Amino acid sequence: MRMTGEPRARLEVSDDPQSGGLVVDLAGELDMASLPDVAAPLDELLTRRPQPLVLELGGLTFLDSSGVTMLVRIANHFDGVHTRSATQPVRRVIEVLGLAGRFGLDEA
């Protein structure tokens with residue numbers, strides 16, 4: 001159960017030694033109501049130079065059109081985006097929208 005004032009979504013960025021790029025770890029529920037929770041780290045992320053990027057989505061439990069828009073913004077900014085560990089509901093949204101190739105969605 002989420003406590004009042006606790007963020008509904010989280011976005012954390014770390015270096016990826018394997019690719020020489022970045023890992024973006026998203027967790028929680030990424031929707032219109034939670035976008036303010038990730039606004040500051042997203043703004044900082046989008047100031048970085050284009051480079052390989054891994055979207056780690058194992059902790060993301062919900063994704064609506066606002067969240068998809070945010071993922072598209074990230075993918076458009078970086079080179080060689082790869083998505084891993086997407087939960088089944090998030091995977092389904094990405095696949096239904098025809099974005100599996102754009103996000104480099106890994107095999108189930």
# chains A, B, ... in the order shown; residues from 1 in each chain; ligands from 1
call {"tool": "select_by_dssp", "arguments": {"residues": "chain A", "states": "strand (DSSP E or B)", "output": "PDB file with C-alpha atoms, in the first residue's frame"}}
result
ATOM      1  CA  ALA A   9       6.564   6.311 -10.275  1.00  0.00           C
ATOM      2  CA  ARG A  10      10.340   6.305 -10.121  1.00  0.00           C
ATOM      3  CA  LEU A  11      12.998   6.983 -12.762  1.00  0.00           C
ATOM      4  CA  GLU A  12      16.645   6.311 -11.903  1.00  0.00           C
ATOM      5  CA  VAL A  13      19.610   6.619 -14.250  1.00  0.00           C
ATOM      6  CA  SER A  14      22.902   4.766 -13.951  1.00  0.00           C
ATOM      7  CA  ASP A  15      25.888   4.007 -16.156  1.00  0.00           C
ATOM      8  CA  ASP A  16      25.873   0.743 -18.112  1.00  0.00           C
ATOM      9  CA  GLY A  21      25.741   3.959 -22.243  1.00  0.00           C
ATOM     10  CA  LEU A  22      23.037   4.372 -19.653  1.00  0.00           C
ATOM     11  CA  VAL A  23      20.410   2.300 -17.864  1.00  0.00           C
ATOM     12  CA  VAL A  24      17.076   3.964 -17.129  1.00  0.00           C
ATOM     13  CA  ASP A  25      15.224   2.037 -14.426  1.00  0.00           C
ATOM     14  CA  LEU A  26      11.486   2.818 -14.345  1.00  0.00           C
ATOM     15  CA  ALA A  27       9.201   1.527 -11.633  1.00  0.00           C
ATOM     16  CA  GLY A  28       5.670   2.013 -10.370  1.00  0.00           C
ATOM     17  CA  GLU A  29       2.718   3.244 -12.394  1.00  0.00           C
ATOM     18  CA  LEU A  30       3.660   5.536 -15.264  1.00  0.00           C
ATOM     19  CA  PRO A  52      23.158   3.625 -26.093  1.00  0.00           C
ATOM     20  CA  LEU A  53      20.407   3.229 -23.542  1.00  0.00           C
ATOM     21  CA  VAL A  54      18.746   0.323 -21.749  1.00  0.00           C
ATOM     22  CA  LEU A  55      15.178   0.778 -20.485  1.00  0.00           C
ATOM     23  CA  GLU A  56      14.847  -1.483 -17.434  1.00  0.00           C
ATOM     24  CA  LEU A  57      11.084  -1.955 -17.021  1.00  0.00           C
ATOM     25  CA  GLY A  58      10.888  -4.860 -14.566  1.00  0.00           C
ATOM     26  CA  GLY A  59       9.435  -2.644 -11.841  1.00  0.00           C
ATOM     27  CA  LEU A  60       6.938  -0.844 -14.077  1.00  0.00           C
ATOM     28  CA  THR A  61       3.474  -2.217 -13.344  1.00  0.00           C
ATOM     29  CA  PHE A  62       1.274   0.121 -15.396  1.00  0.00           C
ATOM     30  CA  LEU A  63       1.728   2.258 -18.507  1.00  0.00           C
ATOM     31  CA  ASP A  79      20.886   5.840 -29.819  1.00  0.00           C
ATOM     32  CA  GLY A  80      20.370   2.098 -29.754  1.00  0.00           C
ATOM     33  CA  VAL A  81      17.564   1.800 -27.206  1.00  0.00           C
ATOM     34  CA  HIS A  82      17.015  -1.676 -25.768  1.00  0.00           C
ATOM     35  CA  THR A  83      14.230  -2.633 -23.362  1.00  0.00           C
ATOM     36  CA  ARG A  84      14.571  -5.469 -20.894  1.00  0.00           C
ATOM     37  CA  LEU A 105      11.926  -5.080 -26.622  1.00  0.00           C
TER      38      LEU A 105
END
call {"tool": "residues_around", "arguments": {"residues": "Ser65 in chain A", "least_positions_apart": "4", "cutoff": "12 Å", "atoms": "only C-alpha atoms", "output": "list in words"}}
result
Glu29, Leu30, Asp31, Met32, Ala33, Leu35, Thr69, Met70, Leu71, Val72, Val90, Val93, Ile94, Val96 and Leu97 of chain A
call {"tool": "write_last_selection", "arguments": {"atoms": "N, CA and C atoms", "output": "mmCIF file, in the first residue's frame"}}
result
data_model
loop_
_atom_site.group_PDB
_atom_site.id
_atom_site.type_symbol
_atom_site.label_atom_id
_atom_site.label_comp_id
_atom_site.auth_asym_id
_atom_site.auth_seq_id
_atom_site.Cartn_x
_atom_site.Cartn_y
_atom_site.Cartn_z
ATOM 1 N N GLU A 29 3.795 3.059 -11.420
ATOM 2 C CA GLU A 29 2.718 3.244 -12.394
ATOM 3 C C GLU A 29 3.009 4.529 -13.165
ATOM 4 N N LEU A 30 3.300 4.382 -14.451
ATOM 5 C CA LEU A 30 3.660 5.536 -15.264
ATOM 6 C C LEU A 30 2.435 5.988 -16.057
ATOM 7 N N ASP A 31 1.792 7.025 -15.535
ATOM 8 C CA ASP A 31 0.588 7.562 -16.157
ATOM 9 C C ASP A 31 0.552 9.069 -15.951
ATOM 10 N N MET A 32 -0.520 9.694 -16.424
ATOM 11 C CA MET A 32 -0.630 11.145 -16.341
ATOM 12 C C MET A 32 -0.458 11.658 -14.911
ATOM 13 N N ALA A 33 -1.015 10.961 -13.954
ATOM 14 C CA ALA A 33 -0.949 11.399 -12.559
ATOM 15 C C ALA A 33 0.451 11.273 -11.967
ATOM 16 N N LEU A 35 3.426 11.440 -13.796
ATOM 17 C CA LEU A 35 4.485 12.110 -14.547
ATOM 18 C C LEU A 35 5.236 13.162 -13.728
ATOM 19 N N THR A 69 4.215 8.124 -24.222
ATOM 20 C CA THR A 69 4.764 9.353 -24.789
ATOM 21 C C THR A 69 6.123 9.665 -24.176
ATOM 22 N N MET A 70 6.254 9.477 -22.878
ATOM 23 C CA MET A 70 7.529 9.708 -22.221
ATOM 24 C C MET A 70 8.593 8.738 -22.733
ATOM 25 N N LEU A 71 8.240 7.464 -22.891
ATOM 26 C CA LEU A 71 9.192 6.484 -23.409
ATOM 27 C C LEU A 71 9.627 6.826 -24.830
ATOM 28 N N VAL A 72 8.701 7.316 -25.643
ATOM 29 C CA VAL A 72 9.031 7.714 -27.014
ATOM 30 C C VAL A 72 10.004 8.896 -26.994
ATOM 31 N N VAL A 90 2.953 -4.166 -19.353
ATOM 32 C CA VAL A 90 3.706 -3.126 -20.067
ATOM 33 C C VAL A 90 4.127 -3.635 -21.440
ATOM 34 N N VAL A 93 1.176 -3.421 -23.878
ATOM 35 C CA VAL A 93 0.923 -2.063 -24.361
ATOM 36 C C VAL A 93 1.912 -1.715 -25.476
ATOM 37 N N ILE A 94 3.186 -1.991 -25.244
ATOM 38 C CA ILE A 94 4.223 -1.673 -26.234
ATOM 39 C C ILE A 94 3.983 -2.449 -27.525
ATOM 40 N N VAL A 96 1.074 -3.859 -28.651
ATOM 41 C CA VAL A 96 -0.177 -3.462 -29.300
ATOM 42 C C VAL A 96 0.003 -2.152 -30.069
ATOM 43 N N LEU A 97 0.826 -1.256 -29.545
ATOM 44 C CA LEU A 97 1.064 0.022 -30.207
ATOM 45 C C LEU A 97 2.091 -0.081 -31.336
#
call {"tool": "atom_distance", "arguments": {"atom1": "CA of Thr87 in chain A", "atom2": "CA of Leu42 in chain A"}}
result
21.0 Å
call {"tool": "atom_distance", "arguments": {"atom1": "CA of Gly20 in chain A", "atom2": "CA of Leu45 in chain A"}}
result
15.5 Å
